[in-house]
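Comments concern the structure below.
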Amino acid sequence: MSTTVLGSHQVPKAWHVIDAADRPLGRVATQIATLLRGKHKPAFHPSQDVGDYVIVVNASKVAVTGRKLEQKIYYRHSGYLGGLKETSLKAMLAKRPERVIEHAVRGMLPKNRLGRTQYRHLRVYAGPDHPHAGQVAAVAAEGAE
């Protein structure tokens with residue numbers, strides 16, 4: 001008896017909407033990363049993209065514990081000498097709250113072509129509205145049939 005490995009085109013992809021309001025950042029990020037990778041499916045294979053699409057709403061209302069708002073720092077570098085920039089979590093949530101969740105999830109995905117492909121299946125929105133209602137409704141209708 002041999003094991004059958006399904007191709008990524010043979011596994012159906014669903015759309016999930018996750019509300020991040022008042023939920024800890026790390027807990028939300030691990031749930032998103034699991035859905036993007038497809039680890040919740042029986043057809044999971046680490047070298048194939050069998051994950052689903054994920055929409056995250058209310059990213060600006062994500063919760064953090066302790067003093068992370070002041071102490072957690074995001075770094076980026078321009079490539080020039082002295083070009084290291086620092087941004088606190090509080091400033092990042094005020095300016096670009098989507099980036100907080102995207103950064104957390106990207107760190108949990110593989111660091112290769114597969115991880116970049118899976119990351120493209122993530123859509124994060126600061127508020128409760130998103131333009132993907134058609135995709136979510138279509139997948140829900142397929143599941144009901």
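Ligands are numbered from 1 in the order shown, chains are lettered A, B, ... in the order of the structure tokens, and residues start at 1 in each chain.
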Name the residues in contact with Arg120 in chain A at a cut-off of 10 Å, using only C-alpha atoms, excluding same-chain residues fewer than 4 positions from it; report them as a list of chain:residue names. A:Leu36, A:Tyr53, A:Val54, A:Gly115, A:Arg116
May I have the selected residues written with N, CA, C and O atoms, as a short mmCIF file (atom, residue, chain, number, x, y, z; two decimals), in the first residue's frame?
```cif
data_model
loop_
_atom_site.label_atom_id
_atom_site.label_comp_id
_atom_site.auth_asym_id
_atom_site.auth_seq_id
_atom_site.Cartn_x
_atom_site.Cartn_y
_atom_site.Cartn_z
N LEU A 36 -3.19 29.19 6.44
CA LEU A 36 -2.46 29.49 5.20
C LEU A 36 -1.63 28.30 4.74
O LEU A 36 -1.52 28.03 3.54
N TYR A 53 -7.37 30.58 1.80
CA TYR A 53 -7.27 32.03 1.80
C TYR A 53 -7.80 32.54 3.14
O TYR A 53 -8.77 32.01 3.68
N VAL A 54 -7.16 33.58 3.69
CA VAL A 54 -7.54 34.10 4.99
C VAL A 54 -7.75 35.61 4.88
O VAL A 54 -6.90 36.33 4.34
N GLY A 115 6.56 29.66 1.09
CA GLY A 115 6.09 30.61 2.09
C GLY A 115 5.63 31.92 1.49
O GLY A 115 4.64 32.50 1.92
N ARG A 116 6.33 32.40 0.46
CA ARG A 116 5.92 33.63 -0.21
C ARG A 116 4.59 33.45 -0.94
O ARG A 116 3.73 34.34 -0.93
#
```
Output as a PyMOL selection string all residues of chain A that backbone DSSP marks as alpha helix (DSSP H). chain A and resi 25-37+68-71+89-95+97-106+113-119+133-144
Write the residues of the selection above to a file with N, CA and C atoms, as a compact mmCIF listing (two decimals), in the first residue's frame.
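Saved as result12.txt:
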```txt
# COMPACT_ATOMS: atom_id res chain seq x y z
N LEU A 25 -2.37 38.91 19.83
CA LEU A 25 -1.71 38.94 18.53
C LEU A 25 -1.11 37.58 18.16
N GLY A 26 -0.41 36.96 19.08
CA GLY A 26 0.24 35.68 18.78
C GLY A 26 -0.75 34.55 18.53
N ARG A 27 -1.84 34.53 19.28
CA ARG A 27 -2.86 33.49 19.09
C ARG A 27 -3.52 33.62 17.72
N VAL A 28 -3.81 34.85 17.32
CA VAL A 28 -4.43 35.08 16.02
C VAL A 28 -3.45 34.70 14.90
N ALA A 29 -2.19 35.10 15.08
CA ALA A 29 -1.18 34.84 14.04
C ALA A 29 -0.95 33.34 13.84
N THR A 30 -0.94 32.56 14.90
CA THR A 30 -0.74 31.12 14.74
C THR A 30 -1.94 30.47 14.05
N GLN A 31 -3.14 30.93 14.37
CA GLN A 31 -4.33 30.40 13.70
C GLN A 31 -4.29 30.72 12.20
N ILE A 32 -3.89 31.94 11.86
CA ILE A 32 -3.80 32.35 10.46
C ILE A 32 -2.74 31.54 9.73
N ALA A 33 -1.58 31.38 10.35
CA ALA A 33 -0.49 30.64 9.71
C ALA A 33 -0.87 29.18 9.47
N THR A 34 -1.60 28.60 10.40
CA THR A 34 -2.05 27.21 10.23
C THR A 34 -3.00 27.09 9.04
N LEU A 35 -3.92 28.03 8.91
CA LEU A 35 -4.86 28.00 7.79
C LEU A 35 -4.15 28.26 6.46
N LEU A 36 -3.19 29.19 6.44
CA LEU A 36 -2.46 29.49 5.20
C LEU A 36 -1.63 28.30 4.74
N ARG A 37 -1.03 27.58 5.67
CA ARG A 37 -0.21 26.43 5.32
C ARG A 37 -1.04 25.21 4.96
N LYS A 68 3.96 45.46 25.97
CA LYS A 68 4.43 45.33 24.58
C LYS A 68 4.16 46.57 23.74
N LEU A 69 3.11 47.33 24.05
CA LEU A 69 2.82 48.52 23.26
C LEU A 69 4.01 49.48 23.24
N GLU A 70 4.71 49.61 24.37
CA GLU A 70 5.86 50.50 24.44
C GLU A 70 7.18 49.78 24.17
N GLN A 71 7.28 48.51 24.56
CA GLN A 71 8.56 47.81 24.52
C GLN A 71 8.84 47.06 23.22
N LEU A 89 5.40 49.22 18.67
CA LEU A 89 4.12 48.58 18.36
C LEU A 89 2.98 49.59 18.44
N LYS A 90 3.04 50.50 19.41
CA LYS A 90 1.99 51.51 19.56
C LYS A 90 1.92 52.40 18.32
N ALA A 91 3.08 52.83 17.82
CA ALA A 91 3.10 53.68 16.62
C ALA A 91 2.66 52.90 15.39
N MET A 92 3.04 51.63 15.31
CA MET A 92 2.67 50.81 14.16
C MET A 92 1.16 50.58 14.14
N LEU A 93 0.56 50.34 15.31
CA LEU A 93 -0.90 50.15 15.37
C LEU A 93 -1.64 51.43 15.00
N ALA A 94 -1.05 52.58 15.32
CA ALA A 94 -1.69 53.85 14.99
C ALA A 94 -1.58 54.16 13.50
N LYS A 95 -0.42 53.83 12.90
CA LYS A 95 -0.18 54.21 11.51
C LYS A 95 -0.62 53.15 10.51
N PRO A 97 -2.00 49.40 11.11
CA PRO A 97 -2.30 48.24 11.95
C PRO A 97 -2.25 46.92 11.19
N GLU A 98 -2.43 46.93 9.86
CA GLU A 98 -2.39 45.70 9.08
C GLU A 98 -0.99 45.07 9.15
N ARG A 99 0.03 45.92 9.17
CA ARG A 99 1.41 45.44 9.14
C ARG A 99 1.77 44.62 10.37
N VAL A 100 1.12 44.89 11.51
CA VAL A 100 1.43 44.16 12.74
C VAL A 100 1.08 42.68 12.55
N ILE A 101 -0.09 42.40 12.06
CA ILE A 101 -0.51 41.01 11.84
C ILE A 101 0.28 40.39 10.70
N GLU A 102 0.49 41.14 9.62
CA GLU A 102 1.26 40.61 8.49
C GLU A 102 2.67 40.21 8.92
N HIS A 103 3.30 41.03 9.73
CA HIS A 103 4.66 40.75 10.20
C HIS A 103 4.69 39.50 11.08
N ALA A 104 3.72 39.37 11.96
CA ALA A 104 3.67 38.21 12.85
C ALA A 104 3.44 36.92 12.07
N VAL A 105 2.54 36.97 11.07
CA VAL A 105 2.22 35.77 10.30
C VAL A 105 3.38 35.40 9.38
N ARG A 106 4.00 36.39 8.76
CA ARG A 106 5.10 36.12 7.83
C ARG A 106 6.25 35.41 8.54
N ARG A 113 10.13 29.93 -1.46
CA ARG A 113 9.11 30.26 -2.45
C ARG A 113 7.72 29.86 -1.99
N LEU A 114 7.63 28.71 -1.35
CA LEU A 114 6.33 28.23 -0.88
C LEU A 114 5.73 29.20 0.15
N GLY A 115 6.56 29.66 1.09
CA GLY A 115 6.09 30.61 2.09
C GLY A 115 5.63 31.92 1.49
N ARG A 116 6.33 32.40 0.46
CA ARG A 116 5.92 33.63 -0.21
C ARG A 116 4.59 33.45 -0.94
N THR A 117 4.39 32.28 -1.53
CA THR A 117 3.11 32.00 -2.20
C THR A 117 1.98 31.93 -1.18
N GLN A 118 2.21 31.28 -0.07
CA GLN A 118 1.18 31.17 0.96
C GLN A 118 0.86 32.53 1.57
N TYR A 119 1.88 33.38 1.72
CA TYR A 119 1.68 34.70 2.29
C TYR A 119 0.77 35.56 1.41
N ALA A 133 -16.51 39.73 0.02
CA ALA A 133 -17.76 39.07 0.41
C ALA A 133 -18.20 38.05 -0.64
N GLY A 134 -17.93 38.33 -1.90
CA GLY A 134 -18.31 37.41 -2.98
C GLY A 134 -17.58 36.08 -2.89
N GLN A 135 -16.28 36.12 -2.62
CA GLN A 135 -15.51 34.88 -2.51
C GLN A 135 -15.96 34.05 -1.31
N VAL A 136 -16.18 34.72 -0.19
CA VAL A 136 -16.58 34.00 1.03
C VAL A 136 -17.96 33.38 0.83
N ALA A 137 -18.87 34.11 0.21
CA ALA A 137 -20.22 33.60 -0.02
C ALA A 137 -20.22 32.46 -1.03
N ALA A 138 -19.38 32.54 -2.05
CA ALA A 138 -19.31 31.48 -3.06
C ALA A 138 -18.81 30.17 -2.48
N VAL A 139 -17.79 30.25 -1.62
CA VAL A 139 -17.27 29.04 -1.00
C VAL A 139 -18.28 28.47 -0.02
N ALA A 140 -19.01 29.33 0.71
CA ALA A 140 -20.03 28.86 1.65
C ALA A 140 -21.16 28.17 0.88
N ALA A 141 -21.52 28.71 -0.28
CA ALA A 141 -22.59 28.11 -1.08
C ALA A 141 -22.16 26.76 -1.63
N GLU A 142 -20.89 26.62 -2.02
CA GLU A 142 -20.40 25.32 -2.50
C GLU A 142 -20.44 24.27 -1.40
N GLY A 143 -20.10 24.69 -0.18
CA GLY A 143 -20.10 23.76 0.93
C GLY A 143 -21.49 23.31 1.33
N ALA A 144 -22.49 24.15 1.08
CA ALA A 144 -23.86 23.83 1.46
C ALA A 144 -24.50 22.85 0.48
```
Report the residues of range 44-109 of chain A whose backbone DSSP state falls under strand (DSSP E), written as JSON, numbers by chain. {"A": [53, 54, 55, 56, 57, 73, 74, 75, 76, 77, 84, 85, 86, 87, 88]}
Between A:Gly66, A:Leu6, A:Tyr75, A:Gly83, single out the one closest to Lys41 in chain A, counting only C-alpha atoms.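 For Lys41 in chain A, the nearest of the given residues is A:Leu6.
Rounded to one decimal, CA of Val11 in chain A and CA of Ser47 in chain A lie 13.7 Å from each other.
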Pick from A:Ala43, A:Asp22, A:Asp49, A:Gly79 nearest to Thr65 in chain A, counting only C-alpha atoms: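 The shortest atom-to-atom distance to Thr65 in chain A comes from A:Asp22.
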Residue contacts of Ala21 in chain A (8 Å, only C-alpha atoms) excluding same-chain residues fewer than 4 positions away, as a PDB file with N, CA and C atoms, in the first residue's frame:
```pdb
ATOM      1  N   VAL A  57     -10.068  40.818   9.718  1.00  0.00           N
ATOM      2  CA  VAL A  57     -10.721  42.109   9.913  1.00  0.00           C
ATOM      3  C   VAL A  57     -10.457  42.597  11.337  1.00  0.00           C
ATOM      4  N   ASN A  58     -10.620  43.895  11.543  1.00  0.00           N
ATOM      5  CA  ASN A  58     -10.402  44.545  12.842  1.00  0.00           C
ATOM      6  C   ASN A  58      -8.967  44.377  13.342  1.00  0.00           C
ATOM      7  N   ALA A  59      -8.009  44.527  12.455  1.00  0.00           N
ATOM      8  CA  ALA A  59      -6.604  44.395  12.841  1.00  0.00           C
ATOM      9  C   ALA A  59      -6.179  45.494  13.803  1.00  0.00           C
ATOM     10  N   SER A  60      -6.835  46.636  13.744  1.00  0.00           N
ATOM     11  CA  SER A  60      -6.456  47.740  14.632  1.00  0.00           C
ATOM     12  C   SER A  60      -6.875  47.492  16.079  1.00  0.00           C
ATOM     13  N   LYS A  61      -7.729  46.496  16.317  1.00  0.00           N
ATOM     14  CA  LYS A  61      -8.220  46.220  17.669  1.00  0.00           C
ATOM     15  C   LYS A  61      -7.579  44.982  18.282  1.00  0.00           C
ATOM     16  N   VAL A  62      -6.460  44.513  17.711  1.00  0.00           N
ATOM     17  CA  VAL A  62      -5.804  43.324  18.227  1.00  0.00           C
ATOM     18  C   VAL A  62      -5.247  43.625  19.625  1.00  0.00           C
ATOM     19  N   ALA A  63      -5.269  42.624  20.491  1.00  0.00           N
ATOM     20  CA  ALA A  63      -4.832  42.815  21.877  1.00  0.00           C
ATOM     21  C   ALA A  63      -3.396  42.350  22.051  1.00  0.00           C
TER      22      ALA A  63
END
```
Residue with smallest distance to His121 in chain A - pool A:Val5, A:Val17, A:Leu84, A:Ile55, counting only C-alpha atoms: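 Among the listed residues, the smallest separation from His121 in chain A belongs to A:Ile55.
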Thr4 in chain A environment, 12 Å, only C-alpha atoms, sequence neighbours closer than 5 positions dropped, as a list in words: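 That gives Gln10, Pro42, Ala43, Phe44 and His45 of chain A.
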For C-alpha atoms, I'd like the residues from the last selection saved as a short mmCIF file (atom, residue, chain, number, x, y, z; two decimals), in the first residue's frame.
```cif
data_model
loop_
_atom_site.label_atom_id
_atom_site.label_comp_id
_atom_site.auth_asym_id
_atom_site.auth_seq_id
_atom_site.Cartn_x
_atom_site.Cartn_y
_atom_site.Cartn_z
CA GLN A 10 -6.47 18.93 -6.50
CA PRO A 42 -5.87 15.75 5.83
CA ALA A 43 -4.14 16.36 2.48
CA PHE A 44 -1.40 18.52 4.08
CA HIS A 45 2.07 18.06 2.67
#
```
Check the smallest atom-to-atom distance from each of A:Lys13, A:Ser2, A:Val56, A:Gly51 to Pro128 in chain A using only C-alpha atoms, then report the winner.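 The closest residue to Pro128 in chain A is A:Val56.
As for CA of Arg23 in chain A and CA of Gly38 in chain A, they are spaced 21.8 Å apart.
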Report, in Å with one decimal, the straight-line distance from CA of Gly127 in chain A to CA of His16 in chain A.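 Answer for the CA of Gly127 in chain A to CA of His16 in chain A separation: 16.2 Å.
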